[in-house]
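Asks: Pasting a structure below so you can have a look.
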Amino acid sequence: MILHLKETTTDQRAVGIADSLNAFHFKRNATNVLITGSGMKEVPDSVQGDVEDSWIFENDIQLASKKYQKEKREVKIGNTIIGGTTNSTMLIGGPCSVESEEQIRESAELIKGMGLTTLRGGCYKPRTSPYSFQGLGLEGLQLLAKMREEYGVNIITEARDATHIQEVIEYSDVIQVGAKAMYDQGILRACAKTHKPVLIKRGFGTTLKEFVQAAEFVLSGGNENVILCERGLRTFETNTRFTLDLCGVAWLQEHTNLPIVLDPSHAMGYAYGVPGLSKACVAMGIDGLIVEAHPNPKVAKSDASQQLDFNEFKNLLSVLEPVANAVGYKMI
Ligand code: PEP
Ligand code: MN
């Protein structure tokens with residue numbers, strides 16, 4: 001249950017009520033907001049006098065639910081707003097991993113040169129094998145920060161586990177929580193304490209409810225800047241890396257108020273499929289699209305088979321523009 005308390009209820013009393021109900025508490029603009037588990041089905045008599053408005057839910061999809069807030073949330077990435085009523089699809093590009101200063105500089109130049117705003121690159125890579133390239137860690141974050149300073153691009157980079165989450169929060173403009181990391185409570189709880197945007201990728205075996213509940217961990221701590229990212233599920237099929245769940249996207253758009261980003265690169269696993277899938281994604285009217293691109297995909301240290309080269313990435317934008325326009329969106 002979500003409760004909005006009256007203006008006349010002091011912050012101190014709000015904290016006291018939150019304690020007594022074992023509820024989460026944060027302030028939304030000037031309003032004291034309390035969130036209890038969905039097991040609570042009516043406003044307790046003891047707090048009736050303090051409650052301005054209340055919402056009761058069947059399950060723990062609460063703050064993200066359209067039943068609580070019908071309008072899609074806005075999230076500000078650098079100076080750019082996505083979500084809300086902006087009807088814009090942010091094309092987010094960059095390599096899977098930051099590999100060297102030269103490679104990430106070429107990538108930043110690509111993004112900037114195309115008039116895009118946001119560069120993505122991983123420094124703490126959640127690899128399936130311990131023998132694969134694990135990312136440059138802090139050195140990579142510092143390179144990304146340098147690119148932000150020199151090119152004015154926003155930085156999205158991922159946290160692999162909670163041990164370095166503070167570093168990732170400090171260096172990024174958007175914290176990416178990867179498909180394997182989305183169950184890491186240390187990461188989610190740390191993300192709840194900042195106001196930086198958090199992009200949560202859906203695990204490949206994660207139900208929509210579990211996915212949105214991961215977002216609730218961040219929202220209930222008072223960080224309203226949460227973005228969901230669908231990146232493919234594991235199915236019986238092995239010819240493609242994963243299966244992009246566009247039905248799930250339709251469900252999220254219908255039931256949640258969170259901006260949605262799609263990642264066709266990881267879903268497909270092969271560069272040849274990425275442009276076509278990107279069109280299908282943009283046609284759904286989405287808030288962002290992540291596409292991996294590398295100056296020389298053949299030698300990429302991770303996800304080599306799925307990364308576009310820079311010419312393919314540049315072509316993609318012109319191909320996607322009319323698709324976005326056809327559904328009332330614009331590529332940004
Ligand atoms: C990535 O974004 O490079 C990545 C590792 O993705 P995911 O967490 O979706 O597997
Ligand atoms: Mn990748």
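Going through the structure tokens in order, the chains are called A, B, and so on, while each chain numbers its residues from 1 and the ligands are numbered from 1 in the order shown.
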Could you please extract the residues within 7 Å of ligand 1, counting only C-alpha atoms and all ligand atoms, and hand them back as a list in words?

Replies: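 For ligand 1, the residues inside 7 Å are Cys96, Ser97, Gly122, Lys125, Pro126, Gly178, Ala179, Lys180, Lys201, Arg231 and His266 of chain A.
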
Asks: Throw together the list of residues within 12 Å of ligand 2, counting only C-alpha atoms and all ligand atoms, and drop it here as a short mmCIF file (atom, residue, chain, number, x, y, z; two decimals) with C-alpha atoms, in the first residue's frame.

Replies:
```cif
data_model
loop_
_atom_site.label_atom_id
_atom_site.label_comp_id
_atom_site.auth_asym_id
_atom_site.auth_seq_id
_atom_site.Cartn_x
_atom_site.Cartn_y
_atom_site.Cartn_z
CA GLY A 93 25.85 3.55 -28.47
CA GLY A 94 29.34 2.44 -27.66
CA PRO A 95 31.36 -0.71 -27.26
CA CYS A 96 30.54 -3.62 -24.96
CA SER A 97 33.76 -2.97 -23.02
CA VAL A 98 36.05 -0.01 -22.64
CA ARG A 120 27.90 3.37 -23.10
CA GLY A 121 30.84 1.16 -22.26
CA GLY A 122 31.44 -1.47 -19.59
CA CYS A 123 34.44 -1.46 -17.23
CA TYR A 124 33.34 -4.20 -14.82
CA LYS A 125 32.19 -6.96 -17.14
CA PRO A 126 30.05 -9.80 -15.80
CA ARG A 127 31.62 -12.49 -17.99
CA THR A 128 30.40 -16.06 -18.12
CA PHE A 133 38.47 -10.24 -20.45
CA GLN A 134 36.93 -8.86 -17.26
CA GLY A 135 37.11 -5.13 -18.08
CA THR A 157 28.43 2.02 -17.39
CA GLU A 158 27.63 -1.11 -15.45
CA GLN A 176 23.63 0.11 -15.55
CA GLY A 178 23.23 -5.89 -15.78
CA ALA A 179 21.04 -8.90 -16.46
CA LYS A 201 18.44 -4.93 -17.39
CA ARG A 231 17.62 -7.52 -23.48
CA ARG A 241 21.81 -15.72 -28.37
CA ASP A 263 18.79 -3.80 -26.26
CA PRO A 264 18.63 -5.79 -29.49
CA SER A 265 22.42 -6.38 -29.55
CA HIS A 266 22.53 -8.74 -26.58
CA ALA A 267 19.22 -10.36 -27.55
CA MET A 268 20.36 -11.29 -31.05
CA GLY A 269 24.04 -11.90 -30.40
CA TYR A 270 24.90 -11.38 -34.08
CA ALA A 271 25.43 -8.03 -35.79
CA ILE A 290 21.08 0.36 -26.74
CA VAL A 291 23.19 -0.78 -29.67
CA GLU A 292 26.76 -2.00 -29.26
CA ALA A 293 29.28 -0.59 -31.73
CA HIS A 294 33.05 -1.01 -31.92
CA PRO A 297 34.28 -5.54 -33.97
CA ALA A 300 36.54 -6.68 -29.65
CA LYS A 301 37.46 -8.16 -26.27
CA SER A 302 33.83 -9.01 -25.45
CA ASP A 303 30.65 -9.57 -27.48
CA ALA A 304 32.61 -9.39 -30.76
CA SER A 305 29.97 -11.10 -32.88
CA GLN A 306 27.16 -8.67 -32.07
CA GLN A 307 28.84 -5.27 -32.28
CA LEU A 308 28.18 -3.08 -35.32
#
```

Asks: Between A:Glu7, A:Glu52, A:Asp173, A:Glu321, single out the one closest to Val282 in chain A, counting only C-alpha atoms.

Replies: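 Once distances to Val282 in chain A are computed over only C-alpha atoms, the minimum belongs to A:Glu321.
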
Asks: Check the DSSP output for the backbone and give back, as a list in words, the residues of range 72-145 of chain A in alpha helix (DSSP H).

Replies: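 DSSP-assigned alpha helix (DSSP H) residues in range 72-145 of chain A: Glu101, Glu102, Gln103, Ile104, Arg105, Glu106, Ser107, Ala108, Glu109, Leu110, Ile111, Lys112, Gly113, Leu138, Glu139, Gly140, Leu141, Gln142, Leu143, Leu144 and Ala145 of chain A.
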
Asks: Please produce a file of the residues just selected, as a PDB file, in the first residue's frame, where the atoms kept are N, CA and C atoms.

Replies:
```
ATOM      1  N   GLU A 101      42.216   3.776 -24.404  1.00  0.00           N
ATOM      2  CA  GLU A 101      41.860   5.184 -24.596  1.00  0.00           C
ATOM      3  C   GLU A 101      41.511   5.448 -26.062  1.00  0.00           C
ATOM      4  N   GLU A 102      42.287   4.864 -26.956  1.00  0.00           N
ATOM      5  CA  GLU A 102      42.048   5.099 -28.377  1.00  0.00           C
ATOM      6  C   GLU A 102      40.661   4.589 -28.793  1.00  0.00           C
ATOM      7  N   GLN A 103      40.321   3.394 -28.348  1.00  0.00           N
ATOM      8  CA  GLN A 103      39.034   2.796 -28.728  1.00  0.00           C
ATOM      9  C   GLN A 103      37.855   3.593 -28.173  1.00  0.00           C
ATOM     10  N   ILE A 104      37.964   4.044 -26.938  1.00  0.00           N
ATOM     11  CA  ILE A 104      36.799   4.734 -26.363  1.00  0.00           C
ATOM     12  C   ILE A 104      36.730   6.176 -26.884  1.00  0.00           C
ATOM     13  N   ARG A 105      37.889   6.733 -27.235  1.00  0.00           N
ATOM     14  CA  ARG A 105      37.885   8.072 -27.832  1.00  0.00           C
ATOM     15  C   ARG A 105      37.205   8.033 -29.211  1.00  0.00           C
ATOM     16  N   GLU A 106      37.544   7.033 -30.009  1.00  0.00           N
ATOM     17  CA  GLU A 106      36.892   6.909 -31.325  1.00  0.00           C
ATOM     18  C   GLU A 106      35.378   6.756 -31.144  1.00  0.00           C
ATOM     19  N   SER A 107      34.994   6.033 -30.112  1.00  0.00           N
ATOM     20  CA  SER A 107      33.567   5.813 -29.850  1.00  0.00           C
ATOM     21  C   SER A 107      32.885   7.108 -29.423  1.00  0.00           C
ATOM     22  N   ALA A 108      33.556   7.876 -28.569  1.00  0.00           N
ATOM     23  CA  ALA A 108      32.992   9.163 -28.118  1.00  0.00           C
ATOM     24  C   ALA A 108      32.861  10.110 -29.308  1.00  0.00           C
ATOM     25  N   GLU A 109      33.855  10.075 -30.201  1.00  0.00           N
ATOM     26  CA  GLU A 109      33.795  10.925 -31.398  1.00  0.00           C
ATOM     27  C   GLU A 109      32.635  10.516 -32.297  1.00  0.00           C
ATOM     28  N   LEU A 110      32.398   9.234 -32.389  1.00  0.00           N
ATOM     29  CA  LEU A 110      31.263   8.743 -33.190  1.00  0.00           C
ATOM     30  C   LEU A 110      29.947   9.291 -32.641  1.00  0.00           C
ATOM     31  N   ILE A 111      29.751   9.128 -31.333  1.00  0.00           N
ATOM     32  CA  ILE A 111      28.501   9.552 -30.682  1.00  0.00           C
ATOM     33  C   ILE A 111      28.313  11.055 -30.865  1.00  0.00           C
ATOM     34  N   LYS A 112      29.336  11.794 -30.554  1.00  0.00           N
ATOM     35  CA  LYS A 112      29.286  13.254 -30.647  1.00  0.00           C
ATOM     36  C   LYS A 112      29.045  13.682 -32.107  1.00  0.00           C
ATOM     37  N   GLY A 113      29.784  13.047 -33.017  1.00  0.00           N
ATOM     38  CA  GLY A 113      29.698  13.402 -34.433  1.00  0.00           C
ATOM     39  C   GLY A 113      28.311  13.142 -35.008  1.00  0.00           C
ATOM     40  N   LEU A 138      38.557   0.420 -12.666  1.00  0.00           N
ATOM     41  CA  LEU A 138      38.648   1.864 -12.378  1.00  0.00           C
ATOM     42  C   LEU A 138      39.329   2.643 -13.508  1.00  0.00           C
ATOM     43  N   GLU A 139      40.332   2.045 -14.101  1.00  0.00           N
ATOM     44  CA  GLU A 139      41.035   2.705 -15.210  1.00  0.00           C
ATOM     45  C   GLU A 139      40.048   3.020 -16.349  1.00  0.00           C
ATOM     46  N   GLY A 140      39.146   2.089 -16.606  1.00  0.00           N
ATOM     47  CA  GLY A 140      38.118   2.294 -17.639  1.00  0.00           C
ATOM     48  C   GLY A 140      37.158   3.412 -17.258  1.00  0.00           C
ATOM     49  N   LEU A 141      36.766   3.439 -15.991  1.00  0.00           N
ATOM     50  CA  LEU A 141      35.851   4.504 -15.525  1.00  0.00           C
ATOM     51  C   LEU A 141      36.512   5.868 -15.710  1.00  0.00           C
ATOM     52  N   GLN A 142      37.809   5.916 -15.421  1.00  0.00           N
ATOM     53  CA  GLN A 142      38.531   7.187 -15.568  1.00  0.00           C
ATOM     54  C   GLN A 142      38.603   7.610 -17.033  1.00  0.00           C
ATOM     55  N   LEU A 143      38.738   6.636 -17.920  1.00  0.00           N
ATOM     56  CA  LEU A 143      38.738   6.953 -19.355  1.00  0.00           C
ATOM     57  C   LEU A 143      37.368   7.494 -19.771  1.00  0.00           C
ATOM     58  N   LEU A 144      36.317   6.879 -19.258  1.00  0.00           N
ATOM     59  CA  LEU A 144      34.963   7.362 -19.590  1.00  0.00           C
ATOM     60  C   LEU A 144      34.764   8.793 -19.085  1.00  0.00           C
ATOM     61  N   ALA A 145      35.247   9.050 -17.875  1.00  0.00           N
ATOM     62  CA  ALA A 145      35.109  10.396 -17.301  1.00  0.00           C
ATOM     63  C   ALA A 145      35.860  11.414 -18.174  1.00  0.00           C
TER      64      ALA A 145
END
```

Asks: Please provide the set of residues having any atom within 9 Å of Val177 in chain A, restricted to only C-alpha atoms, with same-chain residues fewer than 4 positions apart removed, written as a ChimeraX atom specification.

Replies: /A:157-161,181-182,184,187-188,198-202

Asks: Using only C-alpha atoms, which protein or nucleic acid residues come within 8 Å of Phe217 in chain A? Drop anything in the same chain fewer than 4 positions from it, and give the result as a list in words.

Replies: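 My list of contacting residues is Leu188, Arg189, Ala192, Gln213 and Gly221 of chain A.
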
Asks: What does the file look like for those residues with N, CA and C atoms, as a tab-separated table (two decimals), in the first residue's frame?

Replies:
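Final output, saved to selection-v8.tsv:
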```tsv
chain	number	residue	atom	x	y	z
A	188	LEU	N	21.32	-2.90	-5.74
A	188	LEU	CA	20.01	-2.24	-5.78
A	188	LEU	C	19.84	-1.27	-4.61
A	189	ARG	N	20.27	-1.71	-3.44
A	189	ARG	CA	20.11	-0.84	-2.26
A	189	ARG	C	21.01	0.38	-2.35
A	192	ALA	N	19.42	2.80	-4.64
A	192	ALA	CA	18.26	3.46	-4.02
A	192	ALA	C	18.66	4.72	-3.27
A	213	GLN	N	9.92	-5.74	-9.63
A	213	GLN	CA	10.23	-5.69	-8.19
A	213	GLN	C	11.67	-5.24	-7.95
A	221	GLY	N	13.50	3.34	-2.09
A	221	GLY	CA	14.51	4.07	-1.31
A	221	GLY	C	14.47	5.56	-1.62
```

Asks: Could you please determine the separation between CA of Ala283 in chain A and CA of Val327 in chain A in Å, to one decimal place?

Replies: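 Distance reported for this atom pair: 6.3 Å.
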
Asks: Go through A:Leu262, A:Leu5, A:Ile56, A:Ile169 and flag the residue nearest Asn32 in chain A, using only C-alpha atoms for the distances.

Replies: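 Using only C-alpha atoms, the shortest distance to Asn32 in chain A belongs to A:Leu5.
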
Asks: If we count only C-alpha atoms, what is near Met331 in chain A at a cut-off of 8 Å, once residues fewer than 6 positions away on the same chain are taken out, given as a list in words?

Replies: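 Near Met331 in chain A, the qualifying residues are Ser88, Thr89, Met90, Leu91, Leu317, Leu320, Glu321 and Ala324 of chain A.
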
Asks: Using only C-alpha atoms, which of A:Lys298, A:Ile332, A:Asn257, A:Ala326 sits nearest Lys70 in chain A?

Replies: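 Of A:Lys298, A:Ile332, A:Asn257, A:Ala326, the one nearest Lys70 in chain A is A:Asn257, counting only C-alpha atoms.
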